[in-house]
Amino acid sequence: MTSKVICIVLGGGQGSRLYPLTASRSKPAVPIAGKYRLVDIPISNCLHSGITRIYVLTQFNSASLNKHIKNTYHFSSFSEAFVDILAAEQTPTSGSWFQGTADAVRQSLHHLAVHEFDYVLILSGDQLYQMDFEEMINRHISTNAGISIATIPVHVNDVPGFGILKTDENNVITAFVEKPKSGFDQLTSDVSDEMKAQGREYLASMGIYIFNRKLLYDLLQGNERTDFGKEIIPQSIHQHKVISFQYEGYWTDIGTISSFFDANLGLTDEIPQFNLFDKNFIFTRARMLPPSKVSGTLVEKSIIADGCIINASHVIRSIVGVRARIGLNTHIENCYLMGSDNYQTLEQIKEAEENGVPIMGIGERCTIKNAIIDKNTYIGNDVQINCGDPLEDGDFPTHTVKDGIVVVKKRAVILNGTVI
């Protein structure tokens with residue numbers, strides 16, 4: 001049935017909660033796990049599920065995402081498969097940018113019209129999970145639903161952060177409340193015994209929807225409703241058959257610096273909840289990089305991507321991204337180093353050293369803890385980052401502090417001996 005499905009991945013808005021990682025790139029283009037981009041997650045789930053016609057909607061800082069999509073997703077000339085970007089655009093019928101999730105899909109419907117499909121799968125571009133969409137689609141069809149919503153059981157403490165659904169014995173959604181703050185005792189739903197044992201008896205929307213084609217067009221055309229979670233879904237549950245597809249695997253919404261940081265470092269666990277080492281691997285750009293070279297370094301519970309040159313003394317519970325360079329006697333702990341887009345030549349390195357300026361990467365005798373180091377940064381020798389008392393939140397020229405995590409900005413230069 002997946003041949004009758006077309007997918008739309010929502011690229012998100014300005015991504016202000018992920019700043020400064022979104023200062024020059026859209027949320028789906030943010031690097032994750034050392035070598036991937038966030039957008040690779042929903043696209044990989046689609047491809048493993050047999051869904052090969054995918055549009056990615058974006059409007060902020062889309063150049064990096066465009067480049068990644070262009071360099072990554074290539075299909076046979078004899079195939080109808082594609083992954084294409086649909087950036088917000090001015091047209092004779094719309095002169096405004098996307099005003100919300102539903103408005104983004106509404107403004108893109110004319111691009112879908114040239115394809116044959118019966119169902120539209122709508123996904124978010126900033127979530128980490130592995131799901132077989134084919135099972136969800138088959139359930140949608142077998143129950144004769146108009147709309148299907150993927151849901152995940154959550155604890156009562158998490159309820160105020162989600163759109164909460166209530167279902168009947170047939171998994172039909174009977175109520176939907178967007179981020180309830182109180183009075184949600186009556187919103188519990190039937191969940192598995194395992195979920196009950198964990199106290200997860202509320203069903204939260206995962207922001208993953210399946211719509212019948214005609215119904216989607218009817219709901220979006222001729223009105224000004226702009227958001228699925230706040231308007232389209234709540235207003236549809238009493239007029240159409242809306243069912244819940246309950247998912248009990250690992251899923252996290254990467255909307256903040258702390259959630260992004262935790263999700264990445266969670267990948268270093270002995271048995272991570274999100275398994276990179278699985279048959280349903282993540283598709284991404286194929287880089288022609290050399291293997292990583294590690295000299296005299298104690299590496300513990302860490303992930304090291306391709307093309308790195310590591311001379312550190314310790315790398316502990318950290319992710320080291322592509323082309324990263326770490327100097328002698330440096331200590332890295334609980335960090336995500338995104339790496340670099342290119343190597344410096346030996347001539348450039350020599351010139352920088354002669355002039356006493358940092359070279360690309362992390363210098364010698366540094367100690368860096370609880371930090372995200374964005375791409376193409378120049379961190380000098382004897383630099384200390386987040387090694388003392390807890391830091392207060394704030395935004396500075398070279399870095400941002402959020403929830404105790406230091407985020408060194410893309411292309412920042414941190415001079416020798418700096419203490420942050």
# chains A, B, ... in the order shown; residues from 1 in each chain; ligands from 1
>>> residues_around(residues="Ile405 of chain A", least_positions_apart="2", cutoff="12 Å", atoms="only C-alpha atoms", output="PyMOL selection string")
chain A and resi 256-262+334-336+368-373+385-387+390-395+399-403+407-408+420
>>> write_last_selection(atoms="N, CA, C and O atoms", output="CSV table (one decimal), in the first residue's frame")
chain,number,residue,atom,x,y,z
A,256,THR,N,14.8,21.4,21.8
A,256,THR,CA,15.5,22.3,22.6
A,256,THR,C,17.0,21.9,22.7
A,256,THR,O,17.3,20.7,22.3
A,257,ILE,N,17.9,22.7,23.1
A,257,ILE,CA,19.3,22.4,23.3
A,257,ILE,C,19.5,21.2,24.2
A,257,ILE,O,20.2,20.3,23.9
A,258,SER,N,18.8,21.2,25.3
A,258,SER,CA,18.9,20.1,26.3
A,258,SER,C,18.5,18.8,25.8
A,258,SER,O,19.1,17.8,26.0
A,259,SER,N,17.3,18.8,25.1
A,259,SER,CA,16.8,17.5,24.5
A,259,SER,C,17.7,17.0,23.4
A,259,SER,O,18.0,15.8,23.2
A,260,PHE,N,18.3,18.0,22.6
A,260,PHE,CA,19.2,17.6,21.5
A,260,PHE,C,20.5,17.0,22.1
A,260,PHE,O,21.0,16.0,21.6
A,261,PHE,N,21.0,17.7,23.2
A,261,PHE,CA,22.2,17.2,23.8
A,261,PHE,C,22.0,15.8,24.4
A,261,PHE,O,22.8,14.9,24.2
A,262,ASP,N,20.9,15.6,25.1
A,262,ASP,CA,20.6,14.3,25.8
A,262,ASP,C,20.4,13.2,24.7
A,262,ASP,O,20.9,12.1,25.0
A,334,ASN,N,31.5,14.3,28.1
A,334,ASN,CA,30.1,14.6,27.9
A,334,ASN,C,30.0,15.8,26.9
A,334,ASN,O,29.4,16.8,27.1
A,335,CYS,N,30.5,15.5,25.7
A,335,CYS,CA,30.5,16.6,24.6
A,335,CYS,C,30.0,16.0,23.3
A,335,CYS,O,30.1,14.8,23.0
A,336,TYR,N,29.4,16.9,22.5
A,336,TYR,CA,29.2,16.6,21.1
A,336,TYR,C,30.0,17.6,20.2
A,336,TYR,O,29.7,18.7,20.2
A,368,ILE,N,37.3,20.2,28.1
A,368,ILE,CA,35.9,20.7,27.7
A,368,ILE,C,34.9,19.7,28.2
A,368,ILE,O,35.0,18.4,28.0
A,369,LYS,N,33.9,20.1,28.9
A,369,LYS,CA,32.9,19.3,29.5
A,369,LYS,C,31.5,19.8,29.2
A,369,LYS,O,31.3,21.1,29.2
A,370,ASN,N,30.5,18.9,29.1
A,370,ASN,CA,29.1,19.3,28.9
A,370,ASN,C,28.9,20.5,27.9
A,370,ASN,O,28.4,21.5,28.2
A,371,ALA,N,29.4,20.2,26.7
A,371,ALA,CA,29.4,21.2,25.6
A,371,ALA,C,29.0,20.6,24.3
A,371,ALA,O,29.2,19.4,24.0
A,372,ILE,N,28.5,21.5,23.4
A,372,ILE,CA,28.3,21.2,22.0
A,372,ILE,C,29.2,22.1,21.3
A,372,ILE,O,29.1,23.4,21.4
A,373,ILE,N,30.1,21.6,20.5
A,373,ILE,CA,31.0,22.4,19.6
A,373,ILE,C,30.5,22.3,18.2
A,373,ILE,O,30.6,21.3,17.6
A,385,ILE,N,36.5,24.9,29.1
A,385,ILE,CA,35.1,25.2,28.8
A,385,ILE,C,34.2,24.4,29.8
A,385,ILE,O,34.3,23.1,29.8
A,386,ASN,N,33.4,25.1,30.6
A,386,ASN,CA,32.4,24.5,31.5
A,386,ASN,C,33.0,23.5,32.5
A,386,ASN,O,32.5,22.4,32.8
A,387,CYS,N,34.2,23.9,33.1
A,387,CYS,CA,34.9,23.1,34.0
A,387,CYS,C,34.7,23.5,35.5
A,387,CYS,O,35.2,22.8,36.4
A,390,PRO,N,28.4,25.9,37.9
A,390,PRO,CA,27.4,25.9,36.8
A,390,PRO,C,27.3,27.3,36.3
A,390,PRO,O,27.3,28.3,37.0
A,391,LEU,N,27.1,27.4,35.0
A,391,LEU,CA,27.1,28.7,34.3
A,391,LEU,C,25.6,29.1,34.1
A,391,LEU,O,24.7,28.3,33.9
A,392,GLU,N,25.4,30.4,34.2
A,392,GLU,CA,24.1,31.0,33.9
A,392,GLU,C,23.8,31.1,32.5
A,392,GLU,O,24.7,31.3,31.6
A,393,ASP,N,22.5,31.0,32.1
A,393,ASP,CA,22.2,31.1,30.7
A,393,ASP,C,22.5,32.4,30.1
A,393,ASP,O,22.4,33.4,30.8
A,394,GLY,N,22.9,32.5,28.9
A,394,GLY,CA,23.3,33.7,28.2
A,394,GLY,C,23.8,33.5,26.8
A,394,GLY,O,24.2,32.4,26.5
A,395,ASP,N,23.8,34.6,26.1
A,395,ASP,CA,24.3,34.5,24.7
A,395,ASP,C,25.5,35.5,24.6
A,395,ASP,O,25.4,36.6,24.9
A,399,HIS,N,29.7,32.0,22.0
A,399,HIS,CA,29.0,30.8,22.5
A,399,HIS,C,27.7,31.2,23.2
A,399,HIS,O,27.5,32.4,23.5
A,400,THR,N,26.9,30.2,23.4
A,400,THR,CA,25.6,30.4,24.1
A,400,THR,C,25.6,29.4,25.3
A,400,THR,O,26.1,28.2,25.1
A,401,VAL,N,25.0,29.7,26.4
A,401,VAL,CA,24.8,28.8,27.5
A,401,VAL,C,23.3,28.6,27.7
A,401,VAL,O,22.6,29.6,27.9
A,402,LYS,N,22.9,27.4,27.7
A,402,LYS,CA,21.5,27.0,27.9
A,402,LYS,C,21.4,25.8,28.8
A,402,LYS,O,22.0,24.7,28.4
A,403,ASP,N,20.7,25.9,29.9
A,403,ASP,CA,20.5,24.7,30.8
A,403,ASP,C,21.8,24.1,31.2
A,403,ASP,O,21.9,22.9,31.3
A,407,VAL,N,27.2,26.0,24.2
A,407,VAL,CA,27.2,25.7,22.8
A,407,VAL,C,28.2,26.7,22.1
A,407,VAL,O,27.9,27.9,22.0
A,408,VAL,N,29.3,26.2,21.6
A,408,VAL,CA,30.2,27.1,20.9
A,408,VAL,C,29.7,27.2,19.5
A,408,VAL,O,29.4,26.2,18.8
A,420,ILE,N,35.8,29.5,29.8
A,420,ILE,CA,34.4,29.8,29.6
A,420,ILE,C,33.7,29.0,30.8
A,420,ILE,O,33.8,27.8,30.9
>>> residues_around(residues="Leu298 of chain A", least_positions_apart="6", cutoff="7 Å", atoms="only C-alpha atoms", output="PyMOL selection string")
chain A and resi 313-315
>>> write_last_selection(atoms="all heavy atoms", output="compact mmCIF listing (two decimals), in the first residue's frame")
# COMPACT_ATOMS: atom_id res chain seq x y z
N SER A 313 44.07 13.10 25.40
CA SER A 313 44.38 12.14 26.45
C SER A 313 43.15 11.30 26.78
O SER A 313 43.25 10.09 26.98
CB SER A 313 44.89 12.85 27.70
OG SER A 313 43.91 13.76 28.20
N HIS A 314 41.96 11.95 26.82
CA HIS A 314 40.73 11.24 27.13
C HIS A 314 39.58 11.77 26.26
O HIS A 314 39.46 12.98 26.06
CB HIS A 314 40.32 11.43 28.61
CG HIS A 314 41.28 10.84 29.58
ND1 HIS A 314 42.41 11.51 29.99
CD2 HIS A 314 41.27 9.65 30.24
CE1 HIS A 314 43.07 10.76 30.87
NE2 HIS A 314 42.40 9.63 31.04
N VAL A 315 38.75 10.87 25.79
CA VAL A 315 37.46 11.21 25.18
C VAL A 315 36.43 10.31 25.86
O VAL A 315 36.43 9.09 25.65
CB VAL A 315 37.44 11.01 23.66
CG1 VAL A 315 36.05 11.30 23.10
CG2 VAL A 315 38.48 11.90 22.98
>>> residues_around(residues="Pro234 of chain A", least_positions_apart="3", cutoff="9 Å", atoms="only C-alpha atoms", output="number ranges by chain")
A: 175-178, 228-231, 237-238
>>> write_last_selection(atoms="N, CA, C and O atoms", output="PDB file, in the first residue's frame")
ATOM      1  N   ALA A 175     -11.301  12.551  22.105  1.00  0.00           N
ATOM      2  CA  ALA A 175     -10.996  13.875  22.644  1.00  0.00           C
ATOM      3  C   ALA A 175      -9.547  14.214  22.338  1.00  0.00           C
ATOM      4  O   ALA A 175      -8.692  13.329  22.258  1.00  0.00           O
ATOM      5  N   PHE A 176      -9.293  15.492  22.180  1.00  0.00           N
ATOM      6  CA  PHE A 176      -7.937  15.969  21.898  1.00  0.00           C
ATOM      7  C   PHE A 176      -7.776  17.321  22.592  1.00  0.00           C
ATOM      8  O   PHE A 176      -8.555  18.236  22.357  1.00  0.00           O
ATOM      9  N   VAL A 177      -6.763  17.420  23.445  1.00  0.00           N
ATOM     10  CA  VAL A 177      -6.478  18.678  24.144  1.00  0.00           C
ATOM     11  C   VAL A 177      -5.020  19.029  23.929  1.00  0.00           C
ATOM     12  O   VAL A 177      -4.132  18.222  24.227  1.00  0.00           O
ATOM     13  N   GLU A 178      -4.769  20.205  23.406  1.00  0.00           N
ATOM     14  CA  GLU A 178      -3.406  20.640  23.114  1.00  0.00           C
ATOM     15  C   GLU A 178      -2.753  21.182  24.382  1.00  0.00           C
ATOM     16  O   GLU A 178      -3.193  22.174  24.955  1.00  0.00           O
ATOM     17  N   PHE A 228      -2.188  21.974  12.481  1.00  0.00           N
ATOM     18  CA  PHE A 228      -2.832  20.672  12.654  1.00  0.00           C
ATOM     19  C   PHE A 228      -3.180  20.409  14.115  1.00  0.00           C
ATOM     20  O   PHE A 228      -4.297  20.038  14.437  1.00  0.00           O
ATOM     21  N   GLY A 229      -2.207  20.583  15.018  1.00  0.00           N
ATOM     22  CA  GLY A 229      -2.414  20.243  16.418  1.00  0.00           C
ATOM     23  C   GLY A 229      -3.416  21.114  17.128  1.00  0.00           C
ATOM     24  O   GLY A 229      -4.168  20.645  17.988  1.00  0.00           O
ATOM     25  N   LYS A 230      -3.461  22.406  16.780  1.00  0.00           N
ATOM     26  CA  LYS A 230      -4.328  23.340  17.490  1.00  0.00           C
ATOM     27  C   LYS A 230      -5.705  23.480  16.857  1.00  0.00           C
ATOM     28  O   LYS A 230      -6.665  23.842  17.540  1.00  0.00           O
ATOM     29  N   GLU A 231      -5.817  23.207  15.558  1.00  0.00           N
ATOM     30  CA  GLU A 231      -7.092  23.458  14.875  1.00  0.00           C
ATOM     31  C   GLU A 231      -7.625  22.251  14.109  1.00  0.00           C
ATOM     32  O   GLU A 231      -8.722  21.753  14.393  1.00  0.00           O
ATOM     33  N   ILE A 237     -12.160  15.456  15.072  1.00  0.00           N
ATOM     34  CA  ILE A 237     -12.427  14.181  15.755  1.00  0.00           C
ATOM     35  C   ILE A 237     -13.915  13.870  15.905  1.00  0.00           C
ATOM     36  O   ILE A 237     -14.288  12.703  16.031  1.00  0.00           O
ATOM     37  N   HIS A 238     -14.776  14.882  15.885  1.00  0.00           N
ATOM     38  CA  HIS A 238     -16.206  14.624  16.006  1.00  0.00           C
ATOM     39  C   HIS A 238     -16.911  14.620  14.646  1.00  0.00           C
ATOM     40  O   HIS A 238     -18.102  14.340  14.565  1.00  0.00           O
TER      41      HIS A 238
END
>>> residues_around(residues="segment 301-307 of chain A", least_positions_apart="2", cutoff="9 Å", atoms="only C-alpha atoms", output="list of chain:residue names")
A:Ala33, A:Gly34, A:Lys35, A:Leu265, A:Leu267, A:Thr268, A:Asp269, A:Glu270, A:Arg287, A:Leu289, A:Pro290, A:Pro291, A:Ser292, A:Lys293, A:Val299, A:Ile309, A:Val315, A:Ile316, A:Arg317, A:Ser318, A:Ile319, A:Val320, A:Gly321, A:Val322, A:Arg323, A:Ala324, A:Arg325, A:Gly339
>>> write_last_selection(atoms="N, CA and C atoms", output="PDB file, in the first residue's frame")
ATOM      1  N   ALA A  33      24.470  12.854  15.767  1.00  0.00           N
ATOM      2  CA  ALA A  33      25.208  11.586  15.870  1.00  0.00           C
ATOM      3  C   ALA A  33      26.520  11.590  15.100  1.00  0.00           C
ATOM      4  N   GLY A  34      27.091  12.767  14.874  1.00  0.00           N
ATOM      5  CA  GLY A  34      28.422  12.844  14.297  1.00  0.00           C
ATOM      6  C   GLY A  34      28.504  12.864  12.791  1.00  0.00           C
ATOM      7  N   LYS A  35      27.514  12.288  12.095  1.00  0.00           N
ATOM      8  CA  LYS A  35      27.628  12.207  10.635  1.00  0.00           C
ATOM      9  C   LYS A  35      26.304  12.369   9.891  1.00  0.00           C
ATOM     10  N   LEU A 265      24.018  12.300  23.339  1.00  0.00           N
ATOM     11  CA  LEU A 265      24.856  11.568  24.277  1.00  0.00           C
ATOM     12  C   LEU A 265      24.238  10.222  24.650  1.00  0.00           C
ATOM     13  N   LEU A 267      23.179   8.162  22.646  1.00  0.00           N
ATOM     14  CA  LEU A 267      23.640   7.206  21.640  1.00  0.00           C
ATOM     15  C   LEU A 267      24.917   6.506  22.070  1.00  0.00           C
ATOM     16  N   THR A 268      25.624   7.044  23.068  1.00  0.00           N
ATOM     17  CA  THR A 268      26.869   6.430  23.537  1.00  0.00           C
ATOM     18  C   THR A 268      26.630   5.351  24.589  1.00  0.00           C
ATOM     19  N   ASP A 269      25.383   5.179  25.040  1.00  0.00           N
ATOM     20  CA  ASP A 269      25.078   4.150  26.030  1.00  0.00           C
ATOM     21  C   ASP A 269      25.408   2.766  25.478  1.00  0.00           C
ATOM     22  N   GLU A 270      25.670   1.839  26.381  1.00  0.00           N
ATOM     23  CA  GLU A 270      26.045   0.488  25.955  1.00  0.00           C
ATOM     24  C   GLU A 270      24.978  -0.120  25.053  1.00  0.00           C
ATOM     25  N   ARG A 287      30.296  10.225   2.186  1.00  0.00           N
ATOM     26  CA  ARG A 287      31.504  11.050   2.096  1.00  0.00           C
ATOM     27  C   ARG A 287      32.704  10.163   1.818  1.00  0.00           C
ATOM     28  N   LEU A 289      35.786   9.884   2.883  1.00  0.00           N
ATOM     29  CA  LEU A 289      36.702  10.312   3.932  1.00  0.00           C
ATOM     30  C   LEU A 289      37.611   9.166   4.355  1.00  0.00           C
ATOM     31  N   PRO A 290      38.822   9.495   4.813  1.00  0.00           N
ATOM     32  CA  PRO A 290      39.704   8.452   5.342  1.00  0.00           C
ATOM     33  C   PRO A 290      39.189   7.960   6.681  1.00  0.00           C
ATOM     34  N   PRO A 291      39.660   6.796   7.141  1.00  0.00           N
ATOM     35  CA  PRO A 291      39.278   6.353   8.491  1.00  0.00           C
ATOM     36  C   PRO A 291      39.886   7.285   9.535  1.00  0.00           C
ATOM     37  N   SER A 292      39.322   7.265  10.730  1.00  0.00           N
ATOM     38  CA  SER A 292      39.834   8.119  11.796  1.00  0.00           C
ATOM     39  C   SER A 292      41.141   7.569  12.350  1.00  0.00           C
ATOM     40  N   LYS A 293      41.991   8.490  12.806  1.00  0.00           N
ATOM     41  CA  LYS A 293      43.298   8.128  13.370  1.00  0.00           C
ATOM     42  C   LYS A 293      43.344   8.584  14.824  1.00  0.00           C
ATOM     43  N   VAL A 299      39.631   6.214  24.952  1.00  0.00           N
ATOM     44  CA  VAL A 299      38.277   6.474  24.451  1.00  0.00           C
ATOM     45  C   VAL A 299      37.314   5.568  25.199  1.00  0.00           C
ATOM     46  N   ILE A 309      41.256  13.148  13.396  1.00  0.00           N
ATOM     47  CA  ILE A 309      42.632  13.030  13.866  1.00  0.00           C
ATOM     48  C   ILE A 309      42.609  13.375  15.357  1.00  0.00           C
ATOM     49  N   VAL A 315      38.748  10.866  25.789  1.00  0.00           N
ATOM     50  CA  VAL A 315      37.460  11.211  25.181  1.00  0.00           C
ATOM     51  C   VAL A 315      36.431  10.310  25.862  1.00  0.00           C
ATOM     52  N   ILE A 316      35.590  10.901  26.715  1.00  0.00           N
ATOM     53  CA  ILE A 316      34.681  10.122  27.549  1.00  0.00           C
ATOM     54  C   ILE A 316      33.237  10.529  27.270  1.00  0.00           C
ATOM     55  N   ARG A 317      32.408   9.547  27.006  1.00  0.00           N
ATOM     56  CA  ARG A 317      30.967   9.734  26.747  1.00  0.00           C
ATOM     57  C   ARG A 317      30.719  10.941  25.854  1.00  0.00           C
ATOM     58  N   SER A 318      31.281  10.864  24.669  1.00  0.00           N
ATOM     59  CA  SER A 318      31.178  11.983  23.734  1.00  0.00           C
ATOM     60  C   SER A 318      30.978  11.468  22.319  1.00  0.00           C
ATOM     61  N   ILE A 319      30.488  12.353  21.473  1.00  0.00           N
ATOM     62  CA  ILE A 319      30.361  12.074  20.042  1.00  0.00           C
ATOM     63  C   ILE A 319      31.305  13.003  19.301  1.00  0.00           C
ATOM     64  N   VAL A 320      32.139  12.427  18.449  1.00  0.00           N
ATOM     65  CA  VAL A 320      33.127  13.191  17.690  1.00  0.00           C
ATOM     66  C   VAL A 320      32.747  13.111  16.217  1.00  0.00           C
ATOM     67  N   GLY A 321      32.392  14.248  15.630  1.00  0.00           N
ATOM     68  CA  GLY A 321      31.888  14.295  14.265  1.00  0.00           C
ATOM     69  C   GLY A 321      32.973  14.252  13.210  1.00  0.00           C
ATOM     70  N   VAL A 322      32.549  14.257  11.964  1.00  0.00           N
ATOM     71  CA  VAL A 322      33.458  14.078  10.827  1.00  0.00           C
ATOM     72  C   VAL A 322      34.548  15.151  10.786  1.00  0.00           C
ATOM     73  N   ARG A 323      35.754  14.708  10.444  1.00  0.00           N
ATOM     74  CA  ARG A 323      36.937  15.574  10.247  1.00  0.00           C
ATOM     75  C   ARG A 323      37.352  16.326  11.516  1.00  0.00           C
ATOM     76  N   ALA A 324      36.900  15.876  12.681  1.00  0.00           N
ATOM     77  CA  ALA A 324      37.275  16.571  13.913  1.00  0.00           C
ATOM     78  C   ALA A 324      38.768  16.375  14.190  1.00  0.00           C
ATOM     79  N   ARG A 325      39.393  17.411  14.733  1.00  0.00           N
ATOM     80  CA  ARG A 325      40.795  17.329  15.142  1.00  0.00           C
ATOM     81  C   ARG A 325      40.890  17.732  16.604  1.00  0.00           C
ATOM     82  N   GLY A 339      32.566  18.518  14.434  1.00  0.00           N
ATOM     83  CA  GLY A 339      33.593  18.329  13.422  1.00  0.00           C
ATOM     84  C   GLY A 339      33.696  19.492  12.460  1.00  0.00           C
TER      85      GLY A 339
END
>>> closest_residue(among="A:Thr101, A:Asn171, A:Ser64, A:Ser79", to="Asp341 of chain A", atoms="only C-alpha atoms")
A:Ser64
>>> closest_residue(among="A:Gly361, A:Gly11, A:Gly183, A:Gly222", to="Gln127 of chain A", atoms="only C-alpha atoms")
A:Gly11
>>> select_by_dssp(residues="segment 282-408 of chain A", states="strand (DSSP E)", output="ChimeraX atom specification")
/A:293-294,298-300,303-304,309-310,314-316,319-320,325-326,331-337,361-362,367-373,378-379,384-385,394-395,399-402,405-408
>>> closest_atom_pairs(of="segment 210-266 of chain A", to="segment 130-147 of chain A", cutoff="6 Å", atoms="only C-alpha atoms", output="CSV")
residue,atom,partner,partner_atom,distance
A:Ile210,CA,A:Ile147,CA,5.6
A:Phe211,CA,A:Ile147,CA,4.7
A:Asn212,CA,A:Gly146,CA,5.5
A:Lys241,CA,A:Ala145,CA,5.2
A:Val242,CA,A:Ile147,CA,4.7
>>> closest_residue(among="A:His240, A:His111, A:Ile173, A:Ala263", to="Ala150 of chain A", atoms="only C-alpha atoms")
A:Ile173
>>> atom_distance(atom1="atom CA of Thr284 of chain A", atom2="atom CA of Ala102 of chain A")
27.8 Å
>>> closest_residue(among="A:Val191, A:Ala204, A:Leu216, A:Leu18", to="Val156 of chain A", atoms="only C-alpha atoms")
A:Ala204
>>> atom_distance(atom1="atom CA of His74 of chain A", atom2="atom CA of His48 of chain A")
15.2 Å
